[in-house]
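What follows is the content of work.txt (compact mmCIF, C-alpha atoms).
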# COMPACT_ATOMS: atom_id res chain seq x y z
CA MET T 27 -28.28 5.43 -13.29
CA ARG T 28 -26.94 1.93 -13.87
CA PRO T 29 -26.73 -0.24 -10.71
CA PRO T 30 -23.28 -1.45 -9.68
CA ALA T 31 -22.00 -4.75 -11.00
CA ILE T 32 -22.77 -7.83 -8.94
CA PRO T 33 -19.61 -9.02 -7.13
CA ARG T 34 -19.08 -12.63 -8.19
CA ASP T 35 -17.17 -13.55 -5.05
CA ARG T 36 -20.25 -12.77 -2.96
CA VAL T 37 -22.61 -15.00 -4.92
CA HIS T 38 -22.88 -18.40 -3.27
CA ARG T 39 -26.38 -19.56 -4.21
CA VAL T 40 -28.13 -18.77 -7.50
CA LEU T 41 -31.68 -19.40 -8.62
CA VAL T 42 -32.34 -19.44 -12.36
CA ARG T 43 -36.04 -18.96 -13.06
CA CYS T 44 -36.26 -20.96 -16.27
CA PRO T 45 -38.74 -20.18 -19.05
CA ASN T 46 -42.28 -21.50 -19.06
CA TRP T 47 -41.97 -22.95 -22.57
CA LEU T 48 -40.12 -26.09 -23.66
CA GLY T 49 -38.29 -24.50 -26.60
CA ASP T 50 -37.30 -21.44 -24.58
CA THR T 51 -35.84 -23.71 -21.89
CA VAL T 52 -33.61 -25.32 -24.53
CA MET T 53 -32.60 -21.88 -25.82
CA ALA T 54 -31.66 -20.93 -22.24
CA VAL T 55 -29.02 -23.68 -21.97
CA PRO T 56 -26.13 -21.48 -23.22
CA ALA T 57 -27.00 -18.85 -20.60
CA ILE T 58 -27.14 -21.48 -17.83
CA ARG T 59 -23.72 -22.77 -18.89
CA ALA T 60 -22.29 -19.26 -19.09
CA LEU T 61 -23.63 -18.58 -15.60
CA ARG T 62 -21.96 -21.73 -14.30
CA GLY T 63 -18.70 -20.60 -15.93
CA ALA T 64 -18.96 -17.16 -14.34
CA LEU T 65 -19.76 -18.60 -10.89
CA PRO T 66 -17.92 -21.95 -10.76
CA THR T 67 -18.23 -22.47 -6.99
CA ALA T 68 -21.79 -21.23 -6.42
CA GLU T 69 -24.75 -23.53 -5.94
CA LEU T 70 -26.87 -23.35 -9.09
CA TRP T 71 -30.58 -24.08 -8.77
CA CYS T 72 -32.93 -24.15 -11.77
CA LEU T 73 -36.65 -23.59 -11.28
CA GLY T 74 -39.24 -24.09 -13.98
CA PRO T 75 -41.80 -26.47 -15.46
CA TRP T 76 -39.22 -27.97 -17.82
CA ALA T 77 -36.15 -27.80 -15.57
CA GLU T 78 -36.38 -31.40 -14.42
CA PRO T 79 -37.28 -33.31 -17.61
CA VAL T 80 -35.28 -31.27 -20.13
CA LEU T 81 -32.20 -30.43 -18.05
CA GLU T 82 -31.92 -33.77 -16.21
CA ALA T 83 -28.58 -34.62 -17.89
CA GLU T 84 -27.16 -31.08 -17.83
CA PRO T 85 -24.00 -30.99 -15.69
CA GLY T 86 -23.36 -28.15 -13.29
CA ILE T 87 -26.91 -27.84 -11.97
CA ASP T 88 -27.12 -28.60 -8.26
CA ARG T 89 -30.90 -28.66 -7.90
CA ARG T 90 -33.78 -28.85 -10.37
CA LEU T 91 -37.05 -27.54 -8.97
CA PRO T 92 -40.44 -27.99 -10.63
CA TYR T 93 -42.59 -24.88 -10.71
CA PRO T 94 -45.89 -25.50 -8.86
CA ARG T 95 -49.11 -24.76 -10.66
CA ARG T 96 -51.11 -24.09 -7.49
CA TRP T 97 -50.60 -20.74 -5.80
CA SER T 98 -50.61 -22.35 -2.36
CA ALA T 99 -47.68 -24.54 -3.37
CA ARG T 100 -45.86 -21.52 -4.79
CA ALA T 101 -46.26 -19.77 -1.44
CA GLY T 102 -44.64 -22.75 0.26
CA LEU T 103 -41.78 -22.68 -2.24
CA VAL T 104 -41.25 -18.97 -1.56
CA ARG T 105 -40.87 -19.73 2.14
CA ASP T 106 -38.36 -22.50 1.42
CA LEU T 107 -36.31 -20.24 -0.84
CA ARG T 108 -36.27 -17.44 1.74
CA ARG T 109 -34.78 -19.89 4.23
CA ALA T 110 -32.19 -20.89 1.62
CA ARG T 111 -30.88 -17.28 1.48
CA LEU T 112 -30.50 -16.77 -2.24
CA ASP T 113 -27.81 -14.37 -3.36
CA LEU T 114 -28.88 -14.03 -6.98
CA ALA T 115 -32.01 -14.70 -9.00
CA LEU T 116 -31.66 -14.68 -12.78
CA LEU T 117 -35.10 -14.28 -14.33
CA LEU T 118 -35.48 -15.60 -17.87
CA PRO T 119 -39.28 -15.13 -18.18
CA ASN T 120 -40.38 -11.55 -18.74
CA SER T 121 -43.54 -11.84 -16.65
CA PHE T 122 -44.55 -9.66 -13.72
CA GLU T 123 -45.15 -12.82 -11.68
CA ALA T 124 -41.55 -14.04 -12.14
CA ALA T 125 -40.11 -10.78 -10.79
CA LEU T 126 -42.54 -10.66 -7.86
CA PHE T 127 -41.72 -14.28 -7.01
CA ALA T 128 -37.97 -13.53 -6.88
CA ARG T 129 -38.58 -10.51 -4.66
CA LEU T 130 -40.76 -12.49 -2.27
CA ALA T 131 -38.17 -15.30 -2.25
CA GLY T 132 -35.68 -12.83 -0.82
CA ALA T 133 -32.93 -12.99 -3.45
CA ARG T 134 -30.42 -10.24 -2.74
CA TRP T 135 -29.78 -9.47 -6.41
CA ARG T 136 -32.52 -9.90 -9.01
CA VAL T 137 -31.67 -9.63 -12.70
CA GLY T 138 -34.19 -9.53 -15.53
CA TYR T 139 -35.58 -7.44 -18.32
CA ALA T 140 -37.66 -4.43 -17.33
CA GLY T 141 -41.17 -4.04 -18.66
CA ASP T 142 -44.62 -5.23 -17.67
CA GLY T 143 -44.41 -2.99 -14.58
CA ARG T 144 -41.85 -5.22 -12.88
CA ALA T 145 -38.73 -3.03 -12.75
CA ALA T 146 -39.45 -2.12 -9.10
CA PHE T 147 -38.93 -5.76 -8.10
CA LEU T 148 -35.52 -6.01 -9.82
CA THR T 149 -32.20 -4.77 -8.50
CA HIS T 150 -30.72 -4.93 -12.00
CA PRO T 151 -33.48 -4.19 -14.54
CA LEU T 152 -32.13 -4.42 -18.08
CA PRO T 153 -33.72 -2.55 -20.99
CA PRO T 154 -36.03 -4.83 -22.97
CA LYS T 155 -34.33 -6.44 -25.94
CA ALA T 156 -34.57 -4.35 -29.08
CA GLY T 157 -34.67 -5.26 -32.75
CA ARG T 158 -34.31 -8.79 -34.06
CA GLN T 159 -32.26 -10.31 -31.27
CA HIS T 160 -32.45 -14.07 -31.16
CA GLN T 161 -33.82 -15.52 -27.93
CA VAL T 162 -30.55 -17.34 -27.19
CA GLU T 163 -28.71 -14.01 -27.31
CA ALA T 164 -31.37 -12.31 -25.19
CA TYR T 165 -30.90 -14.86 -22.41
CA LEU T 166 -27.12 -14.58 -22.56
CA ALA T 167 -27.34 -10.79 -22.33
CA LEU T 168 -28.89 -11.11 -18.86
CA LEU T 169 -25.45 -12.05 -17.54
CA ALA T 170 -24.13 -8.53 -18.18
CA PRO T 171 -24.42 -7.42 -14.49
CA LEU T 172 -21.93 -10.20 -13.67
CA GLY T 173 -19.49 -8.87 -16.23
CA SER T 174 -20.07 -11.82 -18.56
CA ALA T 175 -20.03 -11.18 -22.29
CA ALA T 176 -22.92 -12.54 -24.34
CA ILE T 177 -21.40 -14.97 -26.84
CA LEU T 178 -23.89 -16.86 -29.00
CA THR T 179 -23.41 -20.61 -28.71
CA THR T 180 -25.50 -23.53 -29.92
CA PRO T 181 -27.77 -25.17 -27.33
CA THR T 182 -27.05 -28.86 -26.84
CA LEU T 183 -28.67 -31.54 -24.70
CA ALA T 184 -27.16 -34.78 -23.47
CA VAL T 185 -28.93 -38.15 -23.65
CA THR T 186 -28.47 -40.84 -21.01
CA ALA T 187 -28.22 -44.55 -21.82
CA ALA T 188 -31.40 -45.27 -19.88
CA ARG T 189 -33.38 -42.68 -21.85
CA GLN T 190 -31.93 -43.98 -25.11
CA ALA T 191 -33.15 -47.50 -24.29
CA GLU T 192 -36.59 -46.11 -23.40
CA ALA T 193 -36.78 -44.21 -26.69
CA ARG T 194 -35.82 -47.24 -28.74
CA GLY T 195 -38.47 -49.25 -26.96
CA LEU T 196 -41.08 -46.69 -28.01
CA LEU T 197 -39.94 -46.83 -31.62
CA ALA T 198 -40.04 -50.62 -31.62
CA ALA T 199 -43.60 -50.51 -30.24
CA ALA T 200 -44.50 -48.17 -33.11
CA GLY T 201 -43.31 -50.80 -35.58
CA LEU T 202 -39.99 -49.25 -36.56
CA ASP T 203 -37.16 -51.72 -37.08
CA PRO T 204 -33.98 -51.10 -35.06
CA GLY T 205 -31.46 -49.03 -36.98
CA ARG T 206 -33.96 -47.83 -39.60
CA ARG T 207 -33.75 -44.07 -39.59
CA ALA T 208 -37.12 -42.40 -39.99
CA VAL T 209 -38.42 -38.88 -40.42
CA ALA T 210 -40.50 -37.56 -37.52
CA ILE T 211 -43.36 -35.14 -38.09
CA GLN T 212 -44.38 -33.13 -35.03
CA LEU T 213 -48.10 -32.48 -34.72
CA GLY T 214 -49.35 -29.68 -32.52
CA ALA T 215 -47.85 -26.62 -30.84
CA ALA T 216 -48.68 -25.25 -27.41
CA PHE T 217 -48.86 -21.70 -28.78
CA GLY T 218 -52.06 -22.31 -30.73
CA PRO T 219 -53.49 -23.51 -34.06
CA SER T 220 -52.02 -20.61 -36.04
CA LYS T 221 -48.65 -22.42 -36.00
CA LEU T 222 -50.02 -25.59 -37.58
CA TRP T 223 -49.63 -26.64 -41.20
CA PRO T 224 -52.95 -27.92 -42.67
CA GLU T 225 -53.56 -31.64 -42.14
CA ALA T 226 -53.92 -32.34 -45.88
CA GLN T 227 -50.41 -31.03 -46.50
CA LEU T 228 -49.02 -32.97 -43.54
CA ALA T 229 -50.59 -36.14 -44.91
CA ASP T 230 -49.29 -35.48 -48.42
CA LEU T 231 -45.76 -34.97 -47.11
CA ALA T 232 -45.92 -38.23 -45.15
CA ARG T 233 -47.34 -40.10 -48.13
CA ARG T 234 -44.63 -38.92 -50.50
CA LEU T 235 -41.86 -39.72 -48.05
CA GLU T 236 -43.15 -43.20 -47.34
CA ASP T 237 -43.86 -43.96 -51.00
CA GLY T 238 -40.21 -43.11 -51.60
CA GLY T 239 -39.08 -45.59 -48.95
CA THR T 240 -38.54 -43.26 -45.96
CA PRO T 241 -40.59 -44.26 -42.90
CA VAL T 242 -42.49 -41.52 -41.10
CA VAL T 243 -43.49 -41.37 -37.43
CA PHE T 244 -45.95 -38.80 -36.09
CA LEU T 245 -45.20 -37.22 -32.71
CA GLY T 246 -47.20 -35.00 -30.38
CA GLY T 247 -48.70 -34.65 -26.95
CA PRO T 248 -52.12 -35.99 -25.91
CA GLY T 249 -53.73 -32.76 -27.13
CA SER T 250 -52.59 -33.53 -30.68
CA ALA T 251 -54.67 -36.72 -30.91
CA PRO T 252 -57.54 -35.09 -32.91
CA LEU T 253 -55.05 -33.65 -35.39
CA ALA T 254 -53.32 -37.03 -35.65
CA ARG T 255 -56.66 -38.68 -36.48
CA ALA T 256 -57.39 -36.06 -39.13
CA VAL T 257 -53.97 -36.49 -40.71
CA GLU T 258 -54.31 -40.28 -40.73
CA ALA T 259 -57.74 -39.96 -42.36
CA ALA T 260 -56.26 -37.71 -45.05
CA LEU T 261 -53.38 -40.16 -45.47
CA GLY T 262 -55.86 -42.94 -46.12
CA ARG T 263 -53.87 -45.67 -44.41
CA PRO T 264 -52.58 -46.55 -40.94
CA ALA T 265 -49.74 -44.36 -39.73
CA ARG T 266 -46.87 -44.94 -37.36
CA SER T 267 -47.65 -42.70 -34.41
CA LEU T 268 -46.31 -41.98 -30.95
CA VAL T 269 -48.80 -39.17 -30.34
CA GLY T 270 -49.61 -39.11 -26.63
CA ARG T 271 -47.22 -41.96 -25.85
CA ASP T 272 -43.94 -40.17 -25.20
CA HIS T 273 -43.18 -37.69 -22.40
CA PRO T 274 -40.83 -34.73 -21.90
CA GLY T 275 -38.12 -36.74 -20.12
CA VAL T 276 -37.65 -39.12 -23.05
CA LEU T 277 -38.12 -36.52 -25.81
CA PRO T 278 -34.40 -35.64 -26.29
CA ALA T 279 -33.46 -39.33 -26.57
CA LEU T 280 -36.41 -40.03 -28.85
CA LEU T 281 -35.67 -37.17 -31.24
CA ALA T 282 -32.00 -38.20 -31.37
CA GLU T 283 -33.12 -41.48 -33.00
CA PHE T 284 -34.59 -39.81 -36.09
CA ALA T 285 -32.85 -38.83 -39.31
CA LEU T 286 -34.80 -35.55 -39.37
CA LEU T 287 -37.73 -33.73 -37.77
CA VAL T 288 -40.38 -31.66 -39.53
CA ALA T 289 -42.09 -29.39 -37.00
CA PRO T 290 -43.90 -26.12 -36.45
CA ASP T 291 -42.15 -23.40 -34.46
CA SER T 292 -42.37 -25.42 -31.26
CA GLY T 293 -40.39 -26.87 -28.37
CA PRO T 294 -39.61 -30.23 -30.04
CA ALA T 295 -37.89 -28.40 -32.90
CA HIS T 296 -35.38 -26.96 -30.43
CA VAL T 297 -34.98 -30.26 -28.60
CA ALA T 298 -34.23 -32.06 -31.86
CA ALA T 299 -31.66 -29.46 -32.91
CA ALA T 300 -30.02 -29.65 -29.48
CA VAL T 301 -29.45 -33.42 -29.82
CA GLY T 302 -28.03 -33.08 -33.33
CA THR T 303 -31.07 -34.05 -35.42
CA PRO T 304 -31.63 -31.83 -38.50
CA VAL T 305 -34.87 -29.87 -38.31
CA VAL T 306 -37.11 -28.37 -40.97
CA THR T 307 -39.20 -25.82 -39.07
CA LEU T 308 -42.39 -24.44 -40.60
CA PHE T 309 -42.89 -20.82 -39.57
CA GLY T 310 -46.11 -18.87 -39.93
CA PRO T 311 -47.24 -16.27 -37.35
CA THR T 312 -43.87 -16.11 -35.57
CA ASP T 313 -40.44 -14.86 -36.64
CA PRO T 314 -37.56 -17.27 -37.36
CA ARG T 315 -35.08 -14.46 -36.75
CA LEU T 316 -36.12 -14.62 -33.09
CA THR T 317 -36.72 -18.30 -32.43
CA ALA T 318 -35.39 -20.53 -35.22
CA PRO T 319 -33.33 -23.50 -33.97
CA VAL T 320 -29.66 -22.54 -33.70
CA GLY T 321 -26.94 -24.55 -35.42
CA ASP T 322 -25.93 -25.89 -38.79
CA GLY T 323 -28.00 -28.21 -40.96
CA HIS T 324 -31.46 -26.81 -40.15
CA ALA T 325 -34.01 -25.04 -42.34
CA ALA T 326 -36.55 -22.41 -41.29
CA LEU T 327 -39.25 -22.12 -43.97
CA TRP T 328 -41.31 -18.93 -43.96
CA THR T 329 -43.43 -17.48 -46.75
CA ARG T 330 -43.86 -14.23 -44.78
CA PRO T 331 -46.98 -12.58 -46.17
CA PRO T 332 -47.56 -8.89 -45.34
CA CYS T 333 -49.46 -9.79 -42.15
CA ALA T 334 -46.58 -11.83 -40.68
CA PRO T 335 -45.27 -12.00 -38.06
CA CYS T 336 -48.52 -11.35 -36.21
CA PHE T 337 -47.81 -13.56 -33.14
CA ARG T 338 -51.50 -14.44 -32.88
CA PRO T 339 -52.43 -17.90 -31.52
CA ARG T 340 -55.39 -17.99 -33.93
CA CYS T 341 -55.44 -16.54 -37.42
CA PRO T 342 -58.27 -14.01 -37.83
CA ILE T 343 -58.27 -14.33 -41.65
CA ASP T 344 -57.25 -17.20 -43.97
CA HIS T 345 -54.00 -18.55 -42.44
CA ARG T 346 -52.14 -17.57 -45.59
CA CYS T 347 -48.72 -17.72 -43.89
CA LEU T 348 -48.77 -21.53 -43.65
CA ARG T 349 -51.24 -22.41 -46.40
CA ALA T 350 -48.82 -20.84 -48.87
CA LEU T 351 -46.06 -23.23 -47.80
CA SER T 352 -46.17 -26.04 -50.38
CA VAL T 353 -45.45 -29.72 -49.88
CA ASP T 354 -42.83 -29.46 -52.64
CA ASP T 355 -40.98 -26.76 -50.67
CA VAL T 356 -40.96 -28.83 -47.50
CA LEU T 357 -40.06 -32.06 -49.28
CA SER T 358 -37.14 -30.34 -51.00
CA ALA T 359 -35.82 -29.07 -47.67
CA VAL T 360 -36.21 -32.54 -46.14
CA ARG T 361 -34.41 -34.30 -49.00
CA ALA T 362 -31.52 -31.85 -48.83
CA ARG T 363 -30.93 -32.72 -45.17
CA LEU T 364 -31.40 -36.47 -45.13
CA PRO T 365 -28.34 -38.74 -45.21
CA SER T 366 -27.47 -39.58 -48.81
CA SER T 367 -28.99 -43.07 -48.75
CA SER T 368 -32.20 -41.80 -47.16
CA ALA T 369 -32.36 -38.89 -49.56
CA ARG T 370 -32.22 -41.25 -52.55
CA SER T 371 -34.98 -43.45 -51.12
CA ALA T 372 -37.17 -40.40 -50.32
CA ARG T 373 -37.43 -39.37 -53.96
CA SER T 374 -40.85 -39.93 -55.38
What is this file in structure tokens?
Amino acid sequence: MRPPAIPRDRVHRVLVRCPNWLGDTVMAVPAIRALRGALPTAELWCLGPWAEPVLEAEPGIDRRLPYPRRWSARAGLVRDLRRARLDLALLLPNSFEAALFARLAGARWRVGYAGDGRAAFLTHPLPPKAGRQHQVEAYLALLAPLGSAAILTTPTLAVTAARQAEARGLLAAAGLDPGRRAVAIQLGAAFGPSKLWPEAQLADLARRLEDGGTPVVFLGGPGSAPLARAVEAALGRPARSLVGRDHPGVLPALLAEFALLVAPDSGPAHVAAAVGTPVVTLFGPTDPRLTAPVGDGHAALWTRPPCAPCFRPRCPIDHRCLRALSVDDVLSAVRARLPSSSARSARS
């Protein structure tokens, strides 16, 4: 039996438990905006590891709460939320822990997908998404108990003037002249090495772009430093790199400064698309029908061998899904999406 609809006029304080992944947090933006539209006078709180840095310029959010890593700190947060008397908790992660947390926090109505043994903690458990539903649509569908229709929209992120200045300072420190539009290549993915294109192919792509007159800048977190060194060694010359030098708060502004981003299926691909930068995403073990960046002007390249999508962090065989993706294929997709002047200079 389906639970009754949640009365909007009785919802005064809402907690959105945001996803644990950077890209998923970007894909959740349309659902957060739809929730704000459905509950225009309610207090809207967003909780998650990326809520503060990624959503800092998102209007309509009253509070952004970081998600503590330590269990003792989470217990303190539960106590604070119980005192806040939450009316509604919208749970975007599908984990057991997220549902238990909302129940302990005392939210009157708790909406999320059933599964993983967590339905007992939800007042409105929705059937798990079926088929090839994109993640943006899956998040929007969680608003059904409020009577809100799931309409697919493109995630967007705003960039503040202060973050723009910070990003341009980073590019200047990397040796990029002001106003010279470069191609960024993202190194690394939190999911695991199975998402990564081989370093020799990354280096060859960078070499051919730069030999054609298009500057290249490598990006990535501190954990990507070994890969960056391997790519630079394969490149055989010094590379422009911001690996380990940026941070999540500046990432939207930084990616907005590039003409294009080449990336694995990763959070930065979604951030770049959300600030209007064309993205060429290299898919291997995951499925672009579920998580490709939304919007016009992007390319999702996928050779899709019989073993894909396997969703394994490490390939147990020969990594054929990404080894089969040629530099020519990627370079062609890049050229097709560069501004006309950059596209001419990128030919080699």
Taking 3 positions as the minimum chain separation for residues in the same chain, which residues sit within 8 Å of region 177-179 of chain T when counting only C-alpha atoms? Answer as a compact mmCIF listing (two decimals) with C-alpha atoms, keeping the file's coordinate frame.
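What landed in out_15.txt:
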# COMPACT_ATOMS: atom_id res chain seq x y z
CA PRO T 56 -26.13 -21.48 -23.22
CA VAL T 162 -30.55 -17.34 -27.19
CA GLU T 163 -28.71 -14.01 -27.31
CA LEU T 166 -27.12 -14.58 -22.56
Quick one: distance from CA of Thr67 (chain T) to CA of Ala133 (chain T) in Å, one decimal? 17.8 Å
Spatial neighbours of region 80-89 of chain T, 6 Å, only C-alpha atoms, chain gap at least 2 places, as a PyMOL selection string: chain T and resi 70-71+76-78+184
Quick one: residues within 12 Å of Arg144 (chain T), only C-alpha atoms, excluding same-chain residues fewer than 6 positions away - as a compact mmCIF listing (two decimals) with C-alpha atoms, in the coordinates of the input?
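Written file, selection-v6.txt:
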# COMPACT_ATOMS: atom_id res chain seq x y z
CA LEU T 117 -35.10 -14.28 -14.33
CA PRO T 119 -39.28 -15.13 -18.18
CA ASN T 120 -40.38 -11.55 -18.74
CA SER T 121 -43.54 -11.84 -16.65
CA PHE T 122 -44.55 -9.66 -13.72
CA GLU T 123 -45.15 -12.82 -11.68
CA ALA T 124 -41.55 -14.04 -12.14
CA ALA T 125 -40.11 -10.78 -10.79
CA LEU T 126 -42.54 -10.66 -7.86
CA PHE T 127 -41.72 -14.28 -7.01
CA ALA T 128 -37.97 -13.53 -6.88
CA ARG T 129 -38.58 -10.51 -4.66
CA ARG T 136 -32.52 -9.90 -9.01
CA VAL T 137 -31.67 -9.63 -12.70
CA GLY T 138 -34.19 -9.53 -15.53
CA HIS T 150 -30.72 -4.93 -12.00
CA PRO T 151 -33.48 -4.19 -14.54
CA LEU T 152 -32.13 -4.42 -18.08
CA PRO T 153 -33.72 -2.55 -20.99
CA PRO T 154 -36.03 -4.83 -22.97
What gap, in Å, lies between CA of His324 (chain T) and CA of Asn46 (chain T)? 24.3 Å
From the list T:Gln190, T:Ser98, T:Ser292, T:Thr240, which residue is nearest Ser220 (chain T) when using only C-alpha atoms?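 Using only C-alpha atoms, the shortest distance to Ser220 (chain T) belongs to T:Ser292.
Of the residues listed (T:Leu280, T:Asp230, T:His296, T:Leu213), T:Leu280 shows the shortest atom-to-atom separation from Leu197 (chain T); distances use all atoms listed in the file.
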Which one of T:Val40, T:Ala60, T:Asp313, T:Pro342 sits closest to Ala175 (chain T) if you count all atoms listed in the file?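 Smallest separation from Ala175 (chain T) among the options: T:Ala60.
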Record the distance separating CA of Thr312 (chain T) and CA of Ser352 (chain T), expressed in Å with one decimal.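 Between CA of Thr312 (chain T) and CA of Ser352 (chain T) the gap is 18.0 Å.
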Radius query 10 Å about (-47.2, -40.9, -48.7), atoms used: all atoms listed in the file, as a VMD selection string: chain T and resid 228 to 242 261 to 263 265 374
Please, could you write that set of residues out with C-alpha atoms as an mmCIF file, keeping the file's coordinate frame?
data_model
loop_
_atom_site.group_PDB
_atom_site.id
_atom_site.type_symbol
_atom_site.label_atom_id
_atom_site.label_comp_id
_atom_site.auth_asym_id
_atom_site.auth_seq_id
_atom_site.Cartn_x
_atom_site.Cartn_y
_atom_site.Cartn_z
ATOM 1 C CA LEU T 228 -49.020 -32.970 -43.540
ATOM 2 C CA ALA T 229 -50.590 -36.140 -44.910
ATOM 3 C CA ASP T 230 -49.290 -35.480 -48.420
ATOM 4 C CA LEU T 231 -45.760 -34.970 -47.110
ATOM 5 C CA ALA T 232 -45.920 -38.230 -45.150
ATOM 6 C CA ARG T 233 -47.340 -40.100 -48.130
ATOM 7 C CA ARG T 234 -44.630 -38.920 -50.500
ATOM 8 C CA LEU T 235 -41.860 -39.720 -48.050
ATOM 9 C CA GLU T 236 -43.150 -43.200 -47.340
ATOM 10 C CA ASP T 237 -43.860 -43.960 -51.000
ATOM 11 C CA GLY T 238 -40.210 -43.110 -51.600
ATOM 12 C CA GLY T 239 -39.080 -45.590 -48.950
ATOM 13 C CA THR T 240 -38.540 -43.260 -45.960
ATOM 14 C CA PRO T 241 -40.590 -44.260 -42.900
ATOM 15 C CA VAL T 242 -42.490 -41.520 -41.100
ATOM 16 C CA LEU T 261 -53.380 -40.160 -45.470
ATOM 17 C CA GLY T 262 -55.860 -42.940 -46.120
ATOM 18 C CA ARG T 263 -53.870 -45.670 -44.410
ATOM 19 C CA ALA T 265 -49.740 -44.360 -39.730
ATOM 20 C CA SER T 374 -40.850 -39.930 -55.380
#
Hey, could you make a per-residue contact list for region 244-302 of chain T against region 208-211 of chain T with 10 Å as the cut-off, showing the nearest pair of atoms and its distance in Å to one decimal, counting only C-alpha atoms, sorted by chain and number, as CSV?
residue,atom,partner,partner_atom,distance
T:Phe244,CA,T:Ile211,CA,4.9
T:Leu245,CA,T:Ile211,CA,6.1
T:Gly246,CA,T:Ile211,CA,8.6
T:Arg266,CA,T:Ala210,CA,9.8
T:Ser267,CA,T:Ala210,CA,9.3
T:Leu268,CA,T:Ala210,CA,9.8
T:Leu280,CA,T:Ala210,CA,9.9
T:Leu281,CA,T:Ala210,CA,7.9
T:Glu283,CA,T:Ala208,CA,8.1
T:Phe284,CA,T:Ala208,CA,5.3
T:Ala285,CA,T:Ala208,CA,5.6
T:Leu286,CA,T:Val209,CA,5.0
T:Leu287,CA,T:Ala210,CA,4.7
T:Val288,CA,T:Ile211,CA,4.8
T:Ala289,CA,T:Ile211,CA,6.0
T:Pro290,CA,T:Ile211,CA,9.2
Out of T:Ala101, T:Leu364, T:Leu91, T:Ala326, which residue has the shortest atom-to-atom distance to Arg207 (chain T) when counting only C-alpha atoms?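 Among T:Ala101, T:Leu364, T:Leu91, T:Ala326, it is T:Leu364 that comes nearest to Arg207 (chain T).
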Excluding Pro278 (chain T) and its own-chain neighbours fewer than 5 positions away, which residues fall within 12 Å of it when counting all atoms listed in the file? Please give them as a ChimeraX atom specification. /T:48-49,52,79-83,182-190,192-194,272-273,283-284,293-303
Excluding Pro92 (chain T) and residues on its chain fewer than 6 positions from it, collect all residues at most 6 Å away from it, counting all atoms listed in the file, and give them as a PyMOL selection string. chain T and resi 73-75
Restrict the selected residues to C-alpha atoms and save them as a PDB file, keeping the file's coordinate frame.
ATOM      1  CA  LEU T  73     -36.650 -23.590 -11.280  1.00  0.00           C
ATOM      2  CA  GLY T  74     -39.240 -24.090 -13.980  1.00  0.00           C
ATOM      3  CA  PRO T  75     -41.800 -26.470 -15.460  1.00  0.00           C
TER       4      PRO T  75
END
Could you check which residues have any atom within 9 Å of (-54.0, -38.7, -37.2), counting only C-alpha atoms with coordinates taken straight from the file, and then list them as a PyMOL selection string? chain T and resi 213+225+229+244+250-261+264-265+267+269
With C-alpha atoms retained, export the selected residues as a compact mmCIF listing (two decimals), in the coordinates of the input.
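part.txt, freshly written:
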# COMPACT_ATOMS: atom_id res chain seq x y z
CA LEU T 213 -48.10 -32.48 -34.72
CA GLU T 225 -53.56 -31.64 -42.14
CA ALA T 229 -50.59 -36.14 -44.91
CA PHE T 244 -45.95 -38.80 -36.09
CA SER T 250 -52.59 -33.53 -30.68
CA ALA T 251 -54.67 -36.72 -30.91
CA PRO T 252 -57.54 -35.09 -32.91
CA LEU T 253 -55.05 -33.65 -35.39
CA ALA T 254 -53.32 -37.03 -35.65
CA ARG T 255 -56.66 -38.68 -36.48
CA ALA T 256 -57.39 -36.06 -39.13
CA VAL T 257 -53.97 -36.49 -40.71
CA GLU T 258 -54.31 -40.28 -40.73
CA ALA T 259 -57.74 -39.96 -42.36
CA ALA T 260 -56.26 -37.71 -45.05
CA LEU T 261 -53.38 -40.16 -45.47
CA PRO T 264 -52.58 -46.55 -40.94
CA ALA T 265 -49.74 -44.36 -39.73
CA SER T 267 -47.65 -42.70 -34.41
CA VAL T 269 -48.80 -39.17 -30.34
T:Gly157, T:Pro224, T:Gly214, T:Pro29 ranked by distance to Arg315 (chain T), top pick (using all atoms listed in the file):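 Smallest separation from Arg315 (chain T) among the options: T:Gly157.
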Of the listed residues T:Phe217, T:Phe309, T:Trp223, T:Trp135, that which approaches Arg34 (chain T) most closely, counting only C-alpha atoms: T:Trp135
